[in-house]
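Here is the file target07.txt (compact mmCIF, C-alpha atoms and all ligand atoms).
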# COMPACT_ATOMS: atom_id res chain seq x y z
CA MET A 1 0.00 0.00 0.00
CA ARG A 2 1.08 3.53 -0.78
CA ILE A 3 0.22 6.31 1.70
CA ASP A 4 0.81 10.01 1.06
CA ILE A 5 0.36 12.46 3.93
CA VAL A 6 0.02 16.22 3.43
CA THR A 7 0.59 18.37 6.53
CA ILE A 8 2.22 21.59 7.72
CA PHE A 9 3.93 19.52 10.46
CA PRO A 10 5.83 16.66 8.77
CA GLU A 11 7.73 16.07 12.07
CA PHE A 12 4.57 14.58 13.61
CA PHE A 13 5.04 11.53 11.42
CA SER A 14 8.59 10.61 12.49
CA VAL A 15 7.03 7.90 14.70
CA LEU A 16 6.19 6.00 11.51
CA ASP A 17 9.84 4.86 11.53
CA VAL A 18 9.27 2.91 14.76
CA SER A 19 7.83 -0.50 15.68
CA LEU A 20 5.67 -2.67 13.40
CA LEU A 21 4.91 0.04 10.87
CA GLY A 22 8.57 1.06 10.73
CA THR A 23 9.49 -2.55 9.95
CA ALA A 24 6.69 -2.75 7.36
CA ARG A 25 8.12 0.31 5.64
CA LYS A 26 11.63 -1.15 5.64
CA ASN A 27 10.27 -4.42 4.23
CA GLY A 28 8.43 -2.58 1.46
CA LEU A 29 4.94 -3.64 2.63
CA LEU A 30 4.06 -0.02 3.24
CA ASP A 31 5.30 2.97 1.23
CA VAL A 32 4.65 6.16 3.22
CA VAL A 33 5.65 9.61 1.97
CA VAL A 34 5.07 12.78 4.01
CA HIS A 35 4.67 16.10 2.15
CA ASP A 36 4.92 19.63 3.55
CA LEU A 37 1.86 21.60 2.41
CA ARG A 38 4.00 24.75 2.35
CA ASP A 39 6.00 23.26 -0.52
CA PHE A 40 2.86 23.84 -2.64
CA THR A 41 2.74 27.59 -1.91
CA HIS A 42 4.40 30.28 -4.07
CA ASP A 43 4.50 33.39 -1.88
CA ARG A 44 7.49 34.49 0.15
CA HIS A 45 5.80 33.66 3.48
CA ARG A 46 4.54 30.24 2.32
CA THR A 47 1.03 31.19 3.47
CA VAL A 48 -1.49 28.37 4.01
CA ASP A 49 -4.29 30.09 5.94
CA ASP A 50 -6.54 33.13 5.90
CA THR A 51 -9.51 34.63 7.76
CA PRO A 52 -12.88 32.82 7.52
CA ALA A 53 -15.39 34.01 4.93
CA GLY A 54 -18.42 35.37 6.81
CA GLY A 55 -16.31 36.18 9.87
CA GLY A 56 -15.67 34.29 13.07
CA ALA A 57 -12.77 33.14 15.17
CA GLY A 58 -9.61 31.45 13.95
CA MET A 59 -8.17 30.86 10.52
CA VAL A 60 -9.12 28.60 7.62
CA MET A 61 -6.70 26.82 5.31
CA ARG A 62 -6.71 28.38 1.83
CA PRO A 63 -7.64 26.09 -1.06
CA GLU A 64 -4.78 26.80 -3.50
CA PRO A 65 -1.92 24.85 -1.85
CA TRP A 66 -4.27 21.90 -1.21
CA GLY A 67 -5.38 21.94 -4.84
CA GLU A 68 -1.78 21.81 -6.03
CA ALA A 69 -0.86 19.06 -3.57
CA LEU A 70 -3.79 16.90 -4.70
CA ASP A 71 -2.98 17.61 -8.37
CA ALA A 72 0.48 16.19 -7.70
CA LEU A 73 -0.63 13.14 -5.72
CA LEU A 74 -3.97 11.80 -6.98
CA THR A 75 -4.14 8.82 -9.30
CA GLU A 76 -7.01 6.63 -10.52
CA GLN A 77 -6.44 4.39 -7.45
CA SER A 78 -6.54 7.09 -4.78
CA THR A 79 -8.78 7.32 -1.73
CA VAL A 80 -8.53 10.74 -0.07
CA ILE A 81 -8.99 10.97 3.69
CA PHE A 82 -9.68 14.23 5.53
CA PRO A 83 -9.37 13.73 9.30
CA THR A 84 -11.87 16.10 10.92
CA PRO A 85 -13.97 16.16 14.11
CA ALA A 86 -16.91 16.81 11.74
CA GLY A 87 -16.39 13.47 9.94
CA SER A 88 -18.05 10.08 10.37
CA LEU A 89 -16.70 7.90 13.19
CA PHE A 90 -13.72 5.70 12.23
CA VAL A 91 -14.25 2.11 13.40
CA GLN A 92 -12.53 -1.27 12.96
CA LYS A 93 -14.80 -2.29 10.07
CA GLN A 94 -13.62 0.71 8.08
CA ALA A 95 -9.98 0.02 9.03
CA ARG A 96 -10.36 -3.46 7.58
CA GLU A 97 -11.98 -2.10 4.46
CA LEU A 98 -9.33 0.60 3.90
CA SER A 99 -6.48 -1.89 4.47
CA GLY A 100 -7.29 -3.32 1.03
CA ARG A 101 -6.86 -0.03 -0.83
CA GLU A 102 -4.02 0.69 -3.22
CA HIS A 103 -3.39 4.34 -2.36
CA LEU A 104 -4.48 6.53 0.56
CA VAL A 105 -3.89 10.30 0.68
CA PHE A 106 -4.26 11.88 4.14
CA CYS A 107 -4.96 15.63 4.15
CA CYS A 108 -4.23 16.98 7.63
CA GLY A 109 -5.94 20.27 8.36
CA ARG A 110 -5.04 22.70 11.13
CA TYR A 111 -6.75 25.82 12.47
CA GLU A 112 -10.53 25.88 11.96
CA GLY A 113 -10.25 23.49 9.04
CA ILE A 114 -9.73 23.45 5.27
CA ASP A 115 -11.80 25.51 2.80
CA GLN A 116 -14.72 23.15 2.00
CA ARG A 117 -14.20 23.56 -1.75
CA VAL A 118 -11.02 21.47 -1.45
CA ILE A 119 -13.12 18.51 -0.25
CA GLU A 120 -15.76 19.10 -2.96
CA HIS A 121 -13.10 19.34 -5.65
CA ALA A 122 -11.35 16.17 -4.44
CA ARG A 123 -14.71 14.36 -4.41
CA ALA A 124 -15.10 15.04 -8.11
CA ARG A 125 -11.80 13.26 -8.77
CA ALA A 126 -11.51 10.46 -6.20
CA GLU A 127 -13.29 8.71 -3.36
CA VAL A 128 -13.21 11.09 -0.40
CA ILE A 129 -13.77 10.17 3.25
CA GLU A 130 -14.09 12.75 6.04
CA LEU A 131 -13.50 10.91 9.29
CA SER A 132 -13.28 11.56 13.02
CA ILE A 133 -11.53 9.33 15.56
CA GLY A 134 -13.89 10.22 18.41
CA ASP A 135 -16.07 12.80 20.08
CA TYR A 136 -13.41 15.25 21.26
CA VAL A 137 -11.38 17.97 19.57
CA LEU A 138 -7.71 17.81 18.58
CA ASN A 139 -5.64 20.73 17.34
CA GLY A 140 -5.30 19.24 13.88
CA GLY A 141 -5.62 16.10 11.81
CA GLU A 142 -2.06 14.81 12.29
CA VAL A 143 -2.54 12.69 15.41
CA ALA A 144 -5.86 11.40 14.08
CA ALA A 145 -4.17 10.44 10.78
CA MET A 146 -1.52 8.53 12.77
CA VAL A 147 -4.24 6.63 14.61
CA VAL A 148 -5.97 5.71 11.36
CA ILE A 149 -2.69 4.74 9.65
CA GLU A 150 -1.71 2.45 12.53
CA ALA A 151 -5.15 0.82 12.63
CA ILE A 152 -5.09 0.22 8.86
CA GLY A 153 -1.38 -0.59 8.52
CA ARG A 154 -1.41 -3.47 10.99
CA LEU A 155 -4.16 -5.17 8.96
CA ILE A 156 -2.07 -5.29 5.79
CA PRO A 157 -1.02 -8.93 5.28
CA GLY A 158 2.52 -9.47 6.60
CA VAL A 159 2.70 -6.37 8.81
CA VAL A 160 1.74 -8.23 12.00
CA GLY A 161 3.95 -11.36 12.21
CA ASN A 162 1.33 -13.78 13.52
CA PRO A 163 -1.97 -13.17 11.69
CA GLU A 164 -3.81 -15.14 14.41
CA SER A 165 -3.16 -12.31 16.82
CA LEU A 166 -5.47 -10.16 14.67
CA VAL A 167 -8.44 -12.49 15.10
CA GLU A 168 -9.21 -12.47 18.84
CA GLU A 169 -9.02 -8.73 19.38
CA SER A 170 -11.42 -6.17 20.73
CA HIS A 171 -13.90 -5.00 18.08
CA GLU A 172 -13.12 -7.78 15.58
CA ASP A 173 -16.25 -9.70 16.59
CA GLY A 174 -18.18 -6.72 17.95
CA LEU A 175 -17.12 -7.51 21.52
CA LEU A 176 -14.28 -6.33 23.74
CA GLU A 177 -11.33 -8.67 24.19
CA TYR A 178 -11.16 -11.16 27.09
CA PRO A 179 -8.50 -10.47 29.80
CA SER A 180 -5.04 -12.01 29.35
CA TYR A 181 -2.64 -13.60 31.86
CA THR A 182 0.88 -15.02 31.72
CA LYS A 183 3.30 -16.56 34.21
CA PRO A 184 3.71 -16.70 37.19
CA ALA A 185 0.45 -18.47 38.10
CA GLU A 186 0.37 -16.51 41.34
CA TRP A 187 1.67 -12.97 41.72
CA ARG A 188 1.40 -10.78 44.84
CA GLY A 189 -1.41 -12.94 46.15
CA LEU A 190 -3.36 -12.75 42.88
CA ALA A 191 -4.07 -16.02 41.06
CA THR A 192 -4.45 -16.65 37.34
CA PRO A 193 -7.99 -18.01 36.76
CA PRO A 194 -7.62 -21.80 37.25
CA VAL A 195 -9.54 -22.64 34.04
CA LEU A 196 -6.63 -21.19 32.02
CA LEU A 197 -4.20 -23.63 33.66
CA GLY A 198 -6.37 -26.76 33.30
CA GLY A 199 -5.67 -27.54 29.64
CA ASN A 200 -9.36 -27.96 28.72
CA HIS A 201 -9.53 -25.97 25.49
CA ALA A 202 -13.32 -26.00 25.19
CA ALA A 203 -13.65 -24.76 28.77
CA ILE A 204 -11.06 -22.04 28.11
CA ALA A 205 -12.87 -20.87 24.97
CA ALA A 206 -16.22 -20.79 26.84
CA TRP A 207 -14.69 -18.87 29.76
CA ARG A 208 -13.10 -16.33 27.40
CA HIS A 209 -16.38 -15.78 25.57
CA ASP A 210 -18.20 -15.23 28.88
CA GLN A 211 -15.52 -12.73 29.88
CA GLN A 212 -15.98 -10.88 26.59
CA LEU A 213 -19.74 -10.64 27.12
CA GLU A 214 -19.40 -9.58 30.76
CA ARG A 215 -16.78 -6.94 29.99
CA THR A 216 -18.67 -5.54 27.00
CA GLU A 217 -21.93 -5.34 28.98
CA ARG A 218 -20.16 -3.56 31.85
CA VAL A 219 -17.88 -1.15 29.92
CA ARG A 220 -19.51 -0.64 26.51
CA PRO A 221 -23.18 -1.75 26.71
CA GLU A 222 -24.01 0.17 23.51
CA LEU A 223 -21.92 -2.35 21.52
CA LEU A 224 -24.39 -5.12 22.41
CA SER A 225 -27.53 -3.32 21.18
CL1 LIG B 301 -9.89 13.51 12.75
N1 LIG B 301 -9.36 15.88 13.79
C1 LIG B 301 -9.42 16.77 14.77
N2 LIG B 301 -8.85 17.95 14.60
N3 LIG B 301 -10.02 16.54 15.91
C2 LIG B 301 -10.59 15.35 16.07
C3 LIG B 301 -10.55 14.36 15.09
C4 LIG B 301 -9.93 14.68 13.94
N4 LIG B 301 -11.20 13.28 15.52
C5 LIG B 301 -11.62 13.59 16.73
N5 LIG B 301 -11.25 14.83 17.07
Would it be possible to restate this file's structure as structure tokens?
Ligand code: 6GU
Amino acid sequence: MRIDIVTIFPEFFSVLDVSLLGTARKNGLLDVVVHDLRDFTHDRHRTVDDTPAGGGAGMVMRPEPWGEALDALLTEQSTVIFPTPAGSLFVQKQARELSGREHLVFCCGRYEGIDQRVIEHARARAEVIELSIGDYVLNGGEVAAMVVIEAIGRLIPGVVGNPESLVEESHEDGLLEYPSYTKPAEWRGLATPPVLLGGNHAAIAAWRHDQQLERTERVRPELLS
């Protein structure tokens, strides 16, 4: 998969060199390129923002640099993602779906957002998704883009070493994950649940499923309805 990221803060994405995604990039499973939006400006001050039409607080990102960046990056295969608190909620199902795409372009806005005509114009040329990572406000799309890239990237075949570890995870079957334990069997007076040490695989699977239901009901009841 190819991922292009457009941002005024390319430094935010240095963490993509680390851990599983860093290895995936080195192995060629993931080709990520970060672009500085200011490289698509032509004025001496490399201006990317201006005051909002109609008035109001804050600044809005001007359309011209975004238009030039998308002209340079879009192909027939591209899906364009605008991280925004005004987008639809990003969930595991969409991560799975996007992990099969050829080319993702992340457009990270700052300030009060990007001139809406950029999104309209992109929509005429590619599939466009405006998405939010949750009901709270961040200062810009960069951290949200990182979240989405990590969620998608780890689902690309070969990125996570043992594909079985992707199966029994929270949200994969609509339930939260069961609790995990390792050795020692007793630690600071706390015991590992005996069923996990008994070797009865059917009993273990049943116990884990019960734990998933109990935990989901207690912590995230809305997932069950
Ligand atoms: Cl995608 N962007 C910003 N700026 N804030 C957010 C968000 C995105 N998702 C939740 N809050």
* Separation of CA of Trp187 (chain A) from CA of His201 (chain A) in Å -> 23.6 Å
* To do: Can you pull out every residue within 6 Å of region 102-107 of chain A, counting only C-alpha atoms, but drop anything in the same chain fewer than 5 positions away, and send it as JSON, numbers by chain?
  => {"A": [1, 2, 3, 4, 5, 6, 77, 78, 79, 80, 81, 82]}
* Asked: Which neighbours of Pro65 (chain A) fall inside 10 Å, counting all atoms listed in the file, when residues of the same chain fewer than 6 positions from it are skipped, and could you give them as a list in words?
  -> Leu37, Arg38, Asp39, Phe40, Thr41, His42, Arg46, Thr47, Val48, Asp49, Asp71 and Val118 of chain A
* What do you get as a PyMOL selection string if you pick all residues at most 6 Å from ligand LIG 301 (chain B), counting all atoms listed in the file? -> chain A and resi 83-85+131-141+144
* One decimal, Å: what's the distance from CA of Leu175 (chain A) over to CA of Ile204 (chain A), could you say? => 17.1 Å
* To one decimal place, how far is CA of Pro184 (chain A) from CA of Leu196 (chain A) in Å? ->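 Result for CA of Pro184 (chain A) versus CA of Leu196 (chain A): 12.4 Å, one decimal.
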* Counting all atoms listed in the file, which of A:Gln116, A:Ser170, A:Thr7, A:Gln211 gets nearest to Val91 (chain A)? ->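 Distance minimum relative to Val91 (chain A) lands on A:Ser170.
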Kindly extract all protein, DNA and RNA residues lying within 10 Å of the coordinates (-5.7, 20.0, -5.7) given in the file, considering only C-alpha atoms, and supply them as a PDB file with C-alpha atoms, in the frame of the given file.
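Result file follows (point_12.pdb):
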ATOM      1  CA  PHE A  40       2.860  23.840  -2.640  1.00  0.00           C
ATOM      2  CA  PRO A  63      -7.640  26.090  -1.060  1.00  0.00           C
ATOM      3  CA  GLU A  64      -4.780  26.800  -3.500  1.00  0.00           C
ATOM      4  CA  PRO A  65      -1.920  24.850  -1.850  1.00  0.00           C
ATOM      5  CA  TRP A  66      -4.270  21.900  -1.210  1.00  0.00           C
ATOM      6  CA  GLY A  67      -5.380  21.940  -4.840  1.00  0.00           C
ATOM      7  CA  GLU A  68      -1.780  21.810  -6.030  1.00  0.00           C
ATOM      8  CA  ALA A  69      -0.860  19.060  -3.570  1.00  0.00           C
ATOM      9  CA  LEU A  70      -3.790  16.900  -4.700  1.00  0.00           C
ATOM     10  CA  ASP A  71      -2.980  17.610  -8.370  1.00  0.00           C
ATOM     11  CA  ALA A  72       0.480  16.190  -7.700  1.00  0.00           C
ATOM     12  CA  LEU A  73      -0.630  13.140  -5.720  1.00  0.00           C
ATOM     13  CA  LEU A  74      -3.970  11.800  -6.980  1.00  0.00           C
ATOM     14  CA  VAL A 118     -11.020  21.470  -1.450  1.00  0.00           C
ATOM     15  CA  ILE A 119     -13.120  18.510  -0.250  1.00  0.00           C
ATOM     16  CA  HIS A 121     -13.100  19.340  -5.650  1.00  0.00           C
ATOM     17  CA  ALA A 122     -11.350  16.170  -4.440  1.00  0.00           C
ATOM     18  CA  ARG A 125     -11.800  13.260  -8.770  1.00  0.00           C
TER      19      ARG A 125
END
